>>> print(open('entry.cif').read())   # mmCIF, N, CA and C atoms and all ligand atoms
data_upload
#
loop_
_atom_site.label_atom_id
_atom_site.label_comp_id
_atom_site.auth_asym_id
_atom_site.auth_seq_id
_atom_site.Cartn_x
_atom_site.Cartn_y
_atom_site.Cartn_z
N MET N 693 6.71 20.02 42.47
CA MET N 693 5.84 20.96 43.15
C MET N 693 6.33 22.38 42.92
N THR N 694 5.40 23.29 42.72
CA THR N 694 5.76 24.70 42.54
C THR N 694 5.25 25.49 43.74
N THR N 695 6.15 26.21 44.38
CA THR N 695 5.75 27.04 45.51
C THR N 695 5.51 28.45 45.00
N VAL N 696 4.44 29.08 45.46
CA VAL N 696 4.18 30.44 45.01
C VAL N 696 4.07 31.38 46.20
N ILE N 697 4.40 32.63 45.96
CA ILE N 697 4.10 33.65 46.95
C ILE N 697 3.15 34.63 46.29
N GLU N 698 2.41 35.35 47.06
CA GLU N 698 1.47 36.34 46.55
C GLU N 698 0.40 35.68 45.70
N ASN N 699 -0.80 35.66 46.17
CA ASN N 699 -1.88 35.16 45.34
C ASN N 699 -3.14 35.98 45.59
N ASN N 700 -2.92 37.24 45.95
CA ASN N 700 -4.07 38.03 46.40
C ASN N 700 -4.96 38.56 45.30
N ASN N 701 -4.44 38.76 44.10
CA ASN N 701 -5.36 39.13 43.02
C ASN N 701 -4.78 38.75 41.67
N GLN N 702 -5.66 38.82 40.67
CA GLN N 702 -5.24 38.38 39.34
C GLN N 702 -4.19 39.31 38.75
N LYS N 703 -4.32 40.58 39.07
CA LYS N 703 -3.40 41.55 38.50
C LYS N 703 -1.96 41.25 38.90
N SER N 704 -1.77 40.91 40.18
CA SER N 704 -0.41 40.64 40.61
C SER N 704 0.04 39.26 40.14
N GLY N 705 -0.88 38.31 40.06
CA GLY N 705 -0.55 36.98 39.54
C GLY N 705 0.40 36.21 40.41
N ARG N 706 0.51 34.95 40.14
CA ARG N 706 1.44 34.12 40.90
C ARG N 706 2.78 34.10 40.21
N LEU N 707 3.82 34.09 41.02
CA LEU N 707 5.16 34.01 40.47
C LEU N 707 5.79 32.70 40.91
N GLU N 708 6.43 32.04 39.98
CA GLU N 708 7.14 30.83 40.37
C GLU N 708 8.39 31.21 41.14
N VAL N 709 8.74 30.36 42.06
CA VAL N 709 9.96 30.56 42.83
C VAL N 709 11.13 30.75 41.86
N GLY N 710 11.95 31.76 42.11
CA GLY N 710 13.10 32.01 41.24
C GLY N 710 12.87 33.15 40.28
N THR N 711 11.62 33.57 40.08
CA THR N 711 11.34 34.70 39.20
C THR N 711 11.69 35.99 39.94
N PRO N 712 12.44 36.91 39.29
CA PRO N 712 12.78 38.15 39.97
C PRO N 712 11.54 38.93 40.38
N LEU N 713 11.52 39.37 41.63
CA LEU N 713 10.38 40.11 42.15
C LEU N 713 10.77 41.58 42.30
N LEU N 714 11.93 41.79 42.91
CA LEU N 714 12.46 43.14 43.11
C LEU N 714 13.91 43.17 42.64
N GLU N 715 14.20 44.10 41.73
CA GLU N 715 15.57 44.25 41.25
C GLU N 715 16.01 45.70 41.40
N VAL N 716 17.11 45.89 42.10
CA VAL N 716 17.70 47.22 42.24
C VAL N 716 18.91 47.24 41.31
N LYS N 717 18.91 48.18 40.37
CA LYS N 717 19.96 48.20 39.36
C LYS N 717 20.71 49.53 39.35
N ASP N 718 21.99 49.45 39.69
CA ASP N 718 22.90 50.60 39.60
C ASP N 718 22.29 51.86 40.22
N LEU N 719 21.76 51.69 41.43
CA LEU N 719 21.07 52.81 42.09
C LEU N 719 22.05 53.80 42.71
N HIS N 720 21.83 55.07 42.40
CA HIS N 720 22.63 56.16 42.96
C HIS N 720 21.68 57.17 43.61
N VAL N 721 21.95 57.47 44.88
CA VAL N 721 21.13 58.46 45.59
C VAL N 721 22.06 59.46 46.26
N GLU N 722 21.76 60.73 46.12
CA GLU N 722 22.57 61.73 46.80
C GLU N 722 21.69 62.74 47.52
N PHE N 723 22.31 63.47 48.44
CA PHE N 723 21.60 64.51 49.20
C PHE N 723 22.24 65.85 48.91
N HIS N 724 21.40 66.80 48.59
CA HIS N 724 21.90 68.16 48.36
C HIS N 724 21.64 68.96 49.62
N THR N 725 22.70 69.30 50.29
CA THR N 725 22.58 70.05 51.54
C THR N 725 23.35 71.36 51.42
N ARG N 726 23.20 72.19 52.43
CA ARG N 726 23.92 73.47 52.43
C ARG N 726 25.43 73.26 52.39
N ASP N 727 25.85 72.14 52.98
CA ASP N 727 27.30 71.87 53.03
C ASP N 727 27.81 71.19 51.77
N GLY N 728 26.91 70.93 50.83
CA GLY N 728 27.37 70.30 49.59
C GLY N 728 26.56 69.05 49.29
N VAL N 729 27.10 68.24 48.37
CA VAL N 729 26.40 67.04 47.94
C VAL N 729 26.99 65.83 48.66
N ALA N 730 26.11 65.04 49.28
CA ALA N 730 26.55 63.81 49.93
C ALA N 730 26.06 62.64 49.09
N LYS N 731 27.00 61.85 48.60
CA LYS N 731 26.63 60.69 47.80
C LYS N 731 26.41 59.51 48.73
N ALA N 732 25.14 59.19 48.97
CA ALA N 732 24.79 58.20 50.00
C ALA N 732 24.77 56.78 49.44
N VAL N 733 24.31 56.62 48.21
CA VAL N 733 24.20 55.29 47.60
C VAL N 733 24.87 55.39 46.22
N ASN N 734 25.84 54.52 46.01
CA ASN N 734 26.65 54.62 44.78
C ASN N 734 26.68 53.30 44.02
N GLY N 735 25.69 53.08 43.19
CA GLY N 735 25.72 51.91 42.32
C GLY N 735 25.36 50.61 43.02
N VAL N 736 24.25 50.63 43.74
CA VAL N 736 23.80 49.41 44.43
C VAL N 736 23.03 48.52 43.44
N ASN N 737 23.34 47.23 43.49
CA ASN N 737 22.64 46.24 42.68
C ASN N 737 22.22 45.09 43.57
N TYR N 738 20.95 44.73 43.55
CA TYR N 738 20.57 43.43 44.09
C TYR N 738 19.24 42.99 43.52
N SER N 739 18.99 41.71 43.69
CA SER N 739 17.78 41.13 43.14
C SER N 739 17.19 40.18 44.16
N VAL N 740 15.90 40.25 44.35
CA VAL N 740 15.21 39.33 45.24
C VAL N 740 14.18 38.57 44.42
N ALA N 741 14.28 37.26 44.44
CA ALA N 741 13.35 36.44 43.67
C ALA N 741 12.18 36.01 44.54
N ALA N 742 11.11 35.62 43.90
CA ALA N 742 9.96 35.07 44.62
C ALA N 742 10.43 33.90 45.47
N GLY N 743 10.03 33.91 46.72
CA GLY N 743 10.40 32.81 47.62
C GLY N 743 11.76 32.96 48.25
N GLU N 744 12.46 34.04 47.92
CA GLU N 744 13.83 34.23 48.41
C GLU N 744 13.86 35.27 49.52
N THR N 745 14.81 35.11 50.44
CA THR N 745 15.04 36.10 51.49
C THR N 745 16.44 36.67 51.28
N LEU N 746 16.56 37.97 51.33
CA LEU N 746 17.86 38.62 51.16
C LEU N 746 18.17 39.47 52.38
N ALA N 747 19.35 39.30 52.94
CA ALA N 747 19.80 40.15 54.04
C ALA N 747 20.91 41.06 53.52
N VAL N 748 20.82 42.34 53.82
CA VAL N 748 21.85 43.29 53.42
C VAL N 748 22.57 43.75 54.68
N LEU N 749 23.86 43.53 54.74
CA LEU N 749 24.66 43.93 55.89
C LEU N 749 25.64 45.01 55.48
N GLY N 750 25.96 45.90 56.41
CA GLY N 750 26.95 46.91 56.08
C GLY N 750 27.13 47.84 57.25
N GLU N 751 28.27 48.51 57.28
CA GLU N 751 28.54 49.38 58.42
C GLU N 751 27.57 50.57 58.45
N SER N 752 27.50 51.18 59.59
CA SER N 752 26.62 52.32 59.78
C SER N 752 26.98 53.42 58.78
N GLY N 753 25.98 53.97 58.13
CA GLY N 753 26.21 55.05 57.17
C GLY N 753 26.53 54.59 55.77
N SER N 754 26.46 53.27 55.53
CA SER N 754 26.84 52.77 54.20
C SER N 754 25.69 52.82 53.19
N GLY N 755 24.50 53.21 53.65
CA GLY N 755 23.42 53.45 52.69
C GLY N 755 22.29 52.43 52.69
N LYS N 756 22.24 51.56 53.70
CA LYS N 756 21.18 50.54 53.75
C LYS N 756 19.80 51.19 53.87
N SER N 757 19.67 52.12 54.81
CA SER N 757 18.35 52.74 55.05
C SER N 757 17.93 53.61 53.88
N VAL N 758 18.86 54.36 53.32
CA VAL N 758 18.51 55.22 52.19
C VAL N 758 18.06 54.37 51.00
N THR N 759 18.72 53.24 50.79
CA THR N 759 18.30 52.32 49.71
C THR N 759 16.88 51.82 49.98
N ALA N 760 16.62 51.40 51.21
CA ALA N 760 15.29 50.87 51.55
C ALA N 760 14.22 51.96 51.42
N GLN N 761 14.54 53.17 51.87
CA GLN N 761 13.58 54.27 51.77
C GLN N 761 13.29 54.63 50.31
N THR N 762 14.32 54.52 49.48
CA THR N 762 14.13 54.82 48.05
C THR N 762 13.24 53.77 47.41
N ILE N 763 13.44 52.50 47.78
CA ILE N 763 12.59 51.42 47.26
C ILE N 763 11.15 51.65 47.68
N MET N 764 10.96 52.05 48.93
CA MET N 764 9.61 52.27 49.44
C MET N 764 8.97 53.54 48.88
N GLY N 765 9.80 54.44 48.38
CA GLY N 765 9.28 55.72 47.90
C GLY N 765 8.95 56.67 49.02
N ILE N 766 9.68 56.57 50.11
CA ILE N 766 9.41 57.43 51.27
C ILE N 766 10.59 58.34 51.60
N LEU N 767 11.56 58.39 50.68
CA LEU N 767 12.70 59.28 50.92
C LEU N 767 12.29 60.72 50.58
N ASP N 768 12.60 61.64 51.45
CA ASP N 768 12.27 63.03 51.17
C ASP N 768 13.13 63.56 50.02
N MET N 769 12.46 64.00 48.96
CA MET N 769 13.15 64.55 47.79
C MET N 769 12.58 65.93 47.47
N PRO N 770 13.33 67.03 47.62
CA PRO N 770 14.63 67.10 48.25
C PRO N 770 14.54 66.88 49.77
N PRO N 771 15.67 66.69 50.43
CA PRO N 771 17.06 66.86 49.94
C PRO N 771 17.57 65.64 49.13
N GLY N 772 16.88 64.49 49.22
CA GLY N 772 17.37 63.32 48.50
C GLY N 772 17.11 63.43 47.01
N LYS N 773 17.91 62.71 46.22
CA LYS N 773 17.70 62.71 44.78
C LYS N 773 18.27 61.42 44.19
N VAL N 774 17.46 60.73 43.40
CA VAL N 774 17.97 59.55 42.68
C VAL N 774 18.58 60.08 41.40
N THR N 775 19.87 59.86 41.23
CA THR N 775 20.54 60.42 40.05
C THR N 775 20.75 59.38 38.97
N GLN N 776 20.59 58.11 39.32
CA GLN N 776 20.81 57.06 38.34
C GLN N 776 20.22 55.75 38.86
N GLY N 777 19.81 54.89 37.95
CA GLY N 777 19.41 53.55 38.34
C GLY N 777 17.94 53.24 38.15
N GLU N 778 17.61 52.00 38.43
CA GLU N 778 16.24 51.51 38.29
C GLU N 778 15.87 50.67 39.51
N ILE N 779 14.59 50.69 39.85
CA ILE N 779 14.08 49.78 40.89
C ILE N 779 12.90 49.06 40.26
N LEU N 780 13.14 47.83 39.85
CA LEU N 780 12.11 47.08 39.13
C LEU N 780 11.32 46.20 40.09
N TYR N 781 10.00 46.41 40.09
CA TYR N 781 9.10 45.51 40.81
C TYR N 781 8.33 44.75 39.75
N ARG N 782 8.51 43.45 39.72
CA ARG N 782 7.91 42.62 38.66
C ARG N 782 8.23 43.18 37.28
N GLY N 783 9.48 43.65 37.12
CA GLY N 783 9.93 44.12 35.82
C GLY N 783 9.58 45.55 35.48
N GLN N 784 8.80 46.21 36.35
CA GLN N 784 8.38 47.58 36.07
C GLN N 784 9.16 48.56 36.94
N ASP N 785 9.69 49.61 36.34
CA ASP N 785 10.52 50.56 37.08
C ASP N 785 9.64 51.45 37.98
N MET N 786 9.78 51.24 39.28
CA MET N 786 8.97 52.01 40.23
C MET N 786 9.31 53.49 40.21
N LEU N 787 10.55 53.80 39.80
CA LEU N 787 10.95 55.22 39.78
C LEU N 787 10.20 55.98 38.69
N LYS N 788 9.62 55.24 37.74
CA LYS N 788 8.88 55.91 36.65
C LYS N 788 7.38 55.82 36.84
N MET N 789 6.95 55.21 37.94
CA MET N 789 5.51 55.06 38.19
C MET N 789 4.92 56.36 38.74
N SER N 790 3.61 56.50 38.57
CA SER N 790 2.90 57.63 39.18
C SER N 790 2.80 57.38 40.69
N ASN N 791 2.52 58.45 41.43
CA ASN N 791 2.34 58.31 42.87
C ASN N 791 1.23 57.31 43.19
N GLU N 792 0.18 57.35 42.36
CA GLU N 792 -0.96 56.46 42.55
C GLU N 792 -0.54 54.98 42.40
N GLU N 793 0.25 54.68 41.37
CA GLU N 793 0.72 53.31 41.15
C GLU N 793 1.61 52.85 42.31
N ARG N 794 2.45 53.77 42.76
CA ARG N 794 3.35 53.42 43.86
C ARG N 794 2.58 53.18 45.14
N ARG N 795 1.53 53.97 45.33
CA ARG N 795 0.74 53.83 46.55
C ARG N 795 0.10 52.45 46.65
N LYS N 796 -0.26 51.90 45.47
CA LYS N 796 -0.88 50.57 45.45
C LYS N 796 0.09 49.48 45.86
N ILE N 797 1.36 49.72 45.61
CA ILE N 797 2.39 48.71 45.93
C ILE N 797 2.84 48.86 47.39
N ARG N 798 2.97 50.13 47.81
CA ARG N 798 3.51 50.41 49.13
C ARG N 798 2.58 49.90 50.23
N GLY N 799 3.11 49.08 51.10
CA GLY N 799 2.30 48.56 52.20
C GLY N 799 1.59 47.27 51.83
N ARG N 800 1.15 47.15 50.57
CA ARG N 800 0.45 45.92 50.16
C ARG N 800 1.41 44.89 49.60
N LYS N 801 2.34 45.35 48.78
CA LYS N 801 3.28 44.43 48.13
C LYS N 801 4.68 44.52 48.71
N ILE N 802 5.05 45.73 49.07
CA ILE N 802 6.37 45.95 49.67
C ILE N 802 6.15 46.77 50.94
N ALA N 803 6.62 46.25 52.03
CA ALA N 803 6.44 46.95 53.30
C ALA N 803 7.77 47.09 54.01
N MET N 804 7.79 47.95 55.01
CA MET N 804 9.03 48.21 55.73
C MET N 804 8.76 48.13 57.23
N ILE N 805 9.60 47.41 57.93
CA ILE N 805 9.53 47.39 59.39
C ILE N 805 10.69 48.23 59.88
N PHE N 806 10.38 49.28 60.59
CA PHE N 806 11.42 50.22 60.97
C PHE N 806 12.28 49.67 62.10
N GLN N 807 13.42 50.35 62.29
CA GLN N 807 14.46 49.84 63.16
C GLN N 807 13.98 49.49 64.56
N ASP N 808 13.19 50.39 65.16
CA ASP N 808 12.76 50.17 66.54
C ASP N 808 11.43 49.42 66.51
N ALA N 809 11.46 48.19 65.96
CA ALA N 809 10.22 47.47 65.65
C ALA N 809 9.38 47.19 66.89
N LEU N 810 10.03 46.92 68.01
CA LEU N 810 9.27 46.54 69.20
C LEU N 810 8.37 47.66 69.70
N SER N 811 8.78 48.90 69.43
CA SER N 811 7.94 50.01 69.87
C SER N 811 6.84 50.30 68.85
N ALA N 812 6.97 49.73 67.64
CA ALA N 812 5.98 50.00 66.59
C ALA N 812 4.93 48.90 66.48
N LEU N 813 5.24 47.71 66.94
CA LEU N 813 4.33 46.56 66.80
C LEU N 813 3.77 46.17 68.16
N ASN N 814 2.55 45.66 68.15
CA ASN N 814 2.05 45.12 69.40
C ASN N 814 1.83 43.62 69.23
N1 LIG W 1 18.52 63.47 54.98
C1 LIG W 1 19.83 63.30 54.79
N2 LIG W 1 20.61 64.35 54.45
C2 LIG W 1 21.94 64.19 54.23
N3 LIG W 1 22.59 63.01 54.30
C3 LIG W 1 21.85 61.95 54.63
C4 LIG W 1 20.45 62.01 54.89
N4 LIG W 1 20.01 60.76 55.20
C5 LIG W 1 21.07 59.95 55.13
N5 LIG W 1 22.20 60.65 54.79
C6 LIG W 1 23.55 60.11 54.61
O1 LIG W 1 23.50 59.01 53.72
C7 LIG W 1 24.46 58.04 54.08
C8 LIG W 1 23.79 56.67 54.22
O2 LIG W 1 22.97 56.67 55.38
P1 LIG W 1 22.06 55.44 55.80
O3 LIG W 1 21.37 54.90 54.58
O4 LIG W 1 21.19 55.93 56.90
O5 LIG W 1 23.10 54.37 56.31
P2 LIG W 1 22.84 52.96 57.04
O6 LIG W 1 21.35 52.72 57.09
O7 LIG W 1 23.56 51.94 56.20
O8 LIG W 1 23.44 53.10 58.40
C9 LIG W 1 25.11 58.52 55.37
O9 LIG W 1 26.33 59.15 55.01
C10 LIG W 1 24.11 59.53 55.89
O10 LIG W 1 24.76 60.53 56.64
MG MG W 2 20.06 52.36 58.73
#
>>> encode(input="entry.cif", output="structure tokens", more="lines below")
Ligand SMILES: Nc1ncnc2c1ncn2[C@@H]1O[C@H](COP(=O)(O)OP(=O)(O)O)[C@@H](O)[C@H]1O
Ligand SMILES: [Mg+2]
Amino acid sequence: MTTVIENNNQKSGRLEVGTPLLEVKDLHVEFHTRDGVAKAVNGVNYSVAAGETLAVLGESGSGKSVTAQTIMGILDMPPGKVTQGEILYRGQDMLKMSNEERRKIRGRKIAMIFQDALSALN
């Protein structure tokens, strides 16, 4: 038996379990502030396959939220800046996509539930 996720349209297609869906490769994000440059994300790598759940744990300030915001394309740039790396969605680098292409993915294919979820959801 083959389990699939996502079957909403032909363009997105079905992916077999185990096929990489989201890959973060050597991601570097920094902030340029008046006080200098803060290197928030330094070479993050992870991959999430179709049908897979990934939990990222780390101490406060280690870059979890900045990584997630960069994936979503909602990080304010400036002050944020991606200096290196790739974020592949179905093999395509989202960092090189147009705003229009990213908008089609954001919310429909990749969504974010913010920290204070109980106040945001009913
Ligand atoms: N807008 C910003 N300007 C400057 N530094 C920032 C900004 N946002 C986040 N940072 C810094 O980036 C680092 C990672 O933060 P964050 O991703 O929020 O950590 P986590 O979610 O793992 O607790 C921290 O050092 C934080 O201070
Ligand atoms: Mg956080």
>>> residues_near_ligand(input="entry.cif", ligand="ligand LIG 1 (chain W)", cutoff="7 Å", atoms="all atoms listed in the file", output="VMD selection string")
chain N and resid 722 to 725 730 to 733 750 to 760 771 to 772
>>> atom_distance(input="entry.cif", atom1="atom N of Asp768 in chain N", atom2="atom C of Ser790 in chain N")
15.2 Å
>>> closest_residue(input="entry.cif", among="N:Gln761, N:Asn734, N:Gln784, N:Ser811", to="ligand MG 2 (chain W)", atoms="only C-alpha atoms and all ligand atoms")
N:Gln761
>>> residues_around(input="entry.cif", residues="Val716 in chain N", least_positions_apart="5", cutoff="12 Å", atoms="only C-alpha atoms", output="list in words")
Val733, Asn734, Gly735, Val736, Asn737, Tyr738, Ser739, Val740, Ala741, Thr759, Ala760, Thr762, Ile763, Met764, Gln776, Gly777, Glu778, Ile779, Leu780, Tyr781, Arg782, Gly783, Gln784, Asp785, Met786 and Leu787 of chain N
>>> closest_residue(input="entry.cif", among="N:Pro770, N:Gly705, N:Gly765, N:Thr775", to="Arg798 in chain N", atoms="only C-alpha atoms")
N:Gly765
>>> atom_distance(input="entry.cif", atom1="CA of Leu749 in chain N", atom2="CA of Arg800 in chain N")
25.0 Å
>>> select_by_dssp(input="entry.cif", residues="range 699-803 of chain N", states="alpha helix (DSSP H)", output="PyMOL selection string")
chain N and resi 756-764+791-797
>>> atom_distance(input="entry.cif", atom1="CA of Phe806 in chain N", atom2="CA of Leu767 in chain N")
13.6 Å
>>> closest_residue(input="entry.cif", among="N:Gly728, N:Lys801, N:Glu744, N:Lys773", to="Gly710 in chain N", atoms="only N, CA and C atoms")
N:Glu744
>>> select_by_dssp(input="entry.cif", residues="chain N", states="strand (DSSP E or B)", output="VMD selection string")
chain N and resid 696 to 697 707 to 708 712 to 725 728 to 741 772 to 781 784 to 785 798 802
>>> write_last_selection(input="entry.cif", atoms="N, CA and C atoms", output="CSV table (one decimal), keeping the file's coordinate frame")
chain,number,residue,atom,x,y,z
N,696,VAL,N,4.4,29.1,45.5
N,696,VAL,CA,4.2,30.4,45.0
N,696,VAL,C,4.1,31.4,46.2
N,697,ILE,N,4.4,32.6,46.0
N,697,ILE,CA,4.1,33.6,47.0
N,697,ILE,C,3.2,34.6,46.3
N,707,LEU,N,3.8,34.1,41.0
N,707,LEU,CA,5.2,34.0,40.5
N,707,LEU,C,5.8,32.7,40.9
N,708,GLU,N,6.4,32.0,40.0
N,708,GLU,CA,7.1,30.8,40.4
N,708,GLU,C,8.4,31.2,41.1
N,712,PRO,N,12.4,36.9,39.3
N,712,PRO,CA,12.8,38.2,40.0
N,712,PRO,C,11.5,38.9,40.4
N,713,LEU,N,11.5,39.4,41.6
N,713,LEU,CA,10.4,40.1,42.2
N,713,LEU,C,10.8,41.6,42.3
N,714,LEU,N,11.9,41.8,42.9
N,714,LEU,CA,12.5,43.1,43.1
N,714,LEU,C,13.9,43.2,42.6
N,715,GLU,N,14.2,44.1,41.7
N,715,GLU,CA,15.6,44.2,41.2
N,715,GLU,C,16.0,45.7,41.4
N,716,VAL,N,17.1,45.9,42.1
N,716,VAL,CA,17.7,47.2,42.2
N,716,VAL,C,18.9,47.2,41.3
N,717,LYS,N,18.9,48.2,40.4
N,717,LYS,CA,20.0,48.2,39.4
N,717,LYS,C,20.7,49.5,39.4
N,718,ASP,N,22.0,49.4,39.7
N,718,ASP,CA,22.9,50.6,39.6
N,718,ASP,C,22.3,51.9,40.2
N,719,LEU,N,21.8,51.7,41.4
N,719,LEU,CA,21.1,52.8,42.1
N,719,LEU,C,22.0,53.8,42.7
N,720,HIS,N,21.8,55.1,42.4
N,720,HIS,CA,22.6,56.2,43.0
N,720,HIS,C,21.7,57.2,43.6
N,721,VAL,N,22.0,57.5,44.9
N,721,VAL,CA,21.1,58.5,45.6
N,721,VAL,C,22.1,59.5,46.3
N,722,GLU,N,21.8,60.7,46.1
N,722,GLU,CA,22.6,61.7,46.8
N,722,GLU,C,21.7,62.7,47.5
N,723,PHE,N,22.3,63.5,48.4
N,723,PHE,CA,21.6,64.5,49.2
N,723,PHE,C,22.2,65.8,48.9
N,724,HIS,N,21.4,66.8,48.6
N,724,HIS,CA,21.9,68.2,48.4
N,724,HIS,C,21.6,69.0,49.6
N,725,THR,N,22.7,69.3,50.3
N,725,THR,CA,22.6,70.0,51.5
N,725,THR,C,23.4,71.4,51.4
N,728,GLY,N,26.9,70.9,50.8
N,728,GLY,CA,27.4,70.3,49.6
N,728,GLY,C,26.6,69.0,49.3
N,729,VAL,N,27.1,68.2,48.4
N,729,VAL,CA,26.4,67.0,47.9
N,729,VAL,C,27.0,65.8,48.7
N,730,ALA,N,26.1,65.0,49.3
N,730,ALA,CA,26.6,63.8,49.9
N,730,ALA,C,26.1,62.6,49.1
N,731,LYS,N,27.0,61.8,48.6
N,731,LYS,CA,26.6,60.7,47.8
N,731,LYS,C,26.4,59.5,48.7
N,732,ALA,N,25.1,59.2,49.0
N,732,ALA,CA,24.8,58.2,50.0
N,732,ALA,C,24.8,56.8,49.4
N,733,VAL,N,24.3,56.6,48.2
N,733,VAL,CA,24.2,55.3,47.6
N,733,VAL,C,24.9,55.4,46.2
N,734,ASN,N,25.8,54.5,46.0
N,734,ASN,CA,26.6,54.6,44.8
N,734,ASN,C,26.7,53.3,44.0
N,735,GLY,N,25.7,53.1,43.2
N,735,GLY,CA,25.7,51.9,42.3
N,735,GLY,C,25.4,50.6,43.0
N,736,VAL,N,24.2,50.6,43.7
N,736,VAL,CA,23.8,49.4,44.4
N,736,VAL,C,23.0,48.5,43.4
N,737,ASN,N,23.3,47.2,43.5
N,737,ASN,CA,22.6,46.2,42.7
N,737,ASN,C,22.2,45.1,43.6
N,738,TYR,N,21.0,44.7,43.6
N,738,TYR,CA,20.6,43.4,44.1
N,738,TYR,C,19.2,43.0,43.5
N,739,SER,N,19.0,41.7,43.7
N,739,SER,CA,17.8,41.1,43.1
N,739,SER,C,17.2,40.2,44.2
N,740,VAL,N,15.9,40.2,44.4
N,740,VAL,CA,15.2,39.3,45.2
N,740,VAL,C,14.2,38.6,44.4
N,741,ALA,N,14.3,37.3,44.4
N,741,ALA,CA,13.4,36.4,43.7
N,741,ALA,C,12.2,36.0,44.5
N,772,GLY,N,16.9,64.5,49.2
N,772,GLY,CA,17.4,63.3,48.5
N,772,GLY,C,17.1,63.4,47.0
N,773,LYS,N,17.9,62.7,46.2
N,773,LYS,CA,17.7,62.7,44.8
N,773,LYS,C,18.3,61.4,44.2
N,774,VAL,N,17.5,60.7,43.4
N,774,VAL,CA,18.0,59.6,42.7
N,774,VAL,C,18.6,60.1,41.4
N,775,THR,N,19.9,59.9,41.2
N,775,THR,CA,20.5,60.4,40.0
N,775,THR,C,20.8,59.4,39.0
N,776,GLN,N,20.6,58.1,39.3
N,776,GLN,CA,20.8,57.1,38.3
N,776,GLN,C,20.2,55.8,38.9
N,777,GLY,N,19.8,54.9,38.0
N,777,GLY,CA,19.4,53.6,38.3
N,777,GLY,C,17.9,53.2,38.2
N,778,GLU,N,17.6,52.0,38.4
N,778,GLU,CA,16.2,51.5,38.3
N,778,GLU,C,15.9,50.7,39.5
N,779,ILE,N,14.6,50.7,39.8
N,779,ILE,CA,14.1,49.8,40.9
N,779,ILE,C,12.9,49.1,40.3
N,780,LEU,N,13.1,47.8,39.8
N,780,LEU,CA,12.1,47.1,39.1
N,780,LEU,C,11.3,46.2,40.1
N,781,TYR,N,10.0,46.4,40.1
N,781,TYR,CA,9.1,45.5,40.8
N,781,TYR,C,8.3,44.8,39.8
N,784,GLN,N,8.8,46.2,36.4
N,784,GLN,CA,8.4,47.6,36.1
N,784,GLN,C,9.2,48.6,36.9
N,785,ASP,N,9.7,49.6,36.3
N,785,ASP,CA,10.5,50.6,37.1
N,785,ASP,C,9.6,51.4,38.0
N,798,ARG,N,3.0,50.1,47.8
N,798,ARG,CA,3.5,50.4,49.1
N,798,ARG,C,2.6,49.9,50.2
N,802,ILE,N,5.0,45.7,49.1
N,802,ILE,CA,6.4,46.0,49.7
N,802,ILE,C,6.2,46.8,50.9
>>> build_atoms(input="entry.cif", residues="range 723-732 of chain N", atoms="N, CA, C and O atoms", output="mmCIF file, keeping the file's coordinate frame")
data_model
loop_
_atom_site.group_PDB
_atom_site.id
_atom_site.type_symbol
_atom_site.label_atom_id
_atom_site.label_comp_id
_atom_site.auth_asym_id
_atom_site.auth_seq_id
_atom_site.Cartn_x
_atom_site.Cartn_y
_atom_site.Cartn_z
ATOM 1 N N PHE N 723 22.310 63.470 48.440
ATOM 2 C CA PHE N 723 21.600 64.510 49.200
ATOM 3 C C PHE N 723 22.240 65.850 48.910
ATOM 4 O O PHE N 723 23.462 65.986 48.979
ATOM 5 N N HIS N 724 21.400 66.800 48.590
ATOM 6 C CA HIS N 724 21.900 68.160 48.360
ATOM 7 C C HIS N 724 21.640 68.960 49.620
ATOM 8 O O HIS N 724 20.496 69.195 49.990
ATOM 9 N N THR N 725 22.700 69.300 50.290
ATOM 10 C CA THR N 725 22.580 70.050 51.540
ATOM 11 C C THR N 725 23.350 71.360 51.420
ATOM 12 O O THR N 725 24.062 71.579 50.433
ATOM 13 N N ARG N 726 23.200 72.190 52.430
ATOM 14 C CA ARG N 726 23.920 73.470 52.430
ATOM 15 C C ARG N 726 25.430 73.260 52.390
ATOM 16 O O ARG N 726 26.168 74.045 51.836
ATOM 17 N N ASP N 727 25.850 72.140 52.980
ATOM 18 C CA ASP N 727 27.300 71.870 53.030
ATOM 19 C C ASP N 727 27.810 71.190 51.770
ATOM 20 O O ASP N 727 28.994 70.868 51.676
ATOM 21 N N GLY N 728 26.910 70.930 50.830
ATOM 22 C CA GLY N 728 27.370 70.300 49.590
ATOM 23 C C GLY N 728 26.560 69.050 49.290
ATOM 24 O O GLY N 728 25.503 68.818 49.847
ATOM 25 N N VAL N 729 27.100 68.240 48.370
ATOM 26 C CA VAL N 729 26.400 67.040 47.940
ATOM 27 C C VAL N 729 26.990 65.830 48.660
ATOM 28 O O VAL N 729 28.201 65.630 48.667
ATOM 29 N N ALA N 730 26.110 65.040 49.280
ATOM 30 C CA ALA N 730 26.550 63.810 49.930
ATOM 31 C C ALA N 730 26.060 62.640 49.090
ATOM 32 O O ALA N 730 24.862 62.469 48.881
ATOM 33 N N LYS N 731 27.000 61.850 48.600
ATOM 34 C CA LYS N 731 26.630 60.690 47.800
ATOM 35 C C LYS N 731 26.410 59.510 48.730
ATOM 36 O O LYS N 731 27.356 58.914 49.241
ATOM 37 N N ALA N 732 25.140 59.190 48.970
ATOM 38 C CA ALA N 732 24.790 58.200 50.000
ATOM 39 C C ALA N 732 24.770 56.780 49.440
ATOM 40 O O ALA N 732 25.130 55.830 50.128
#
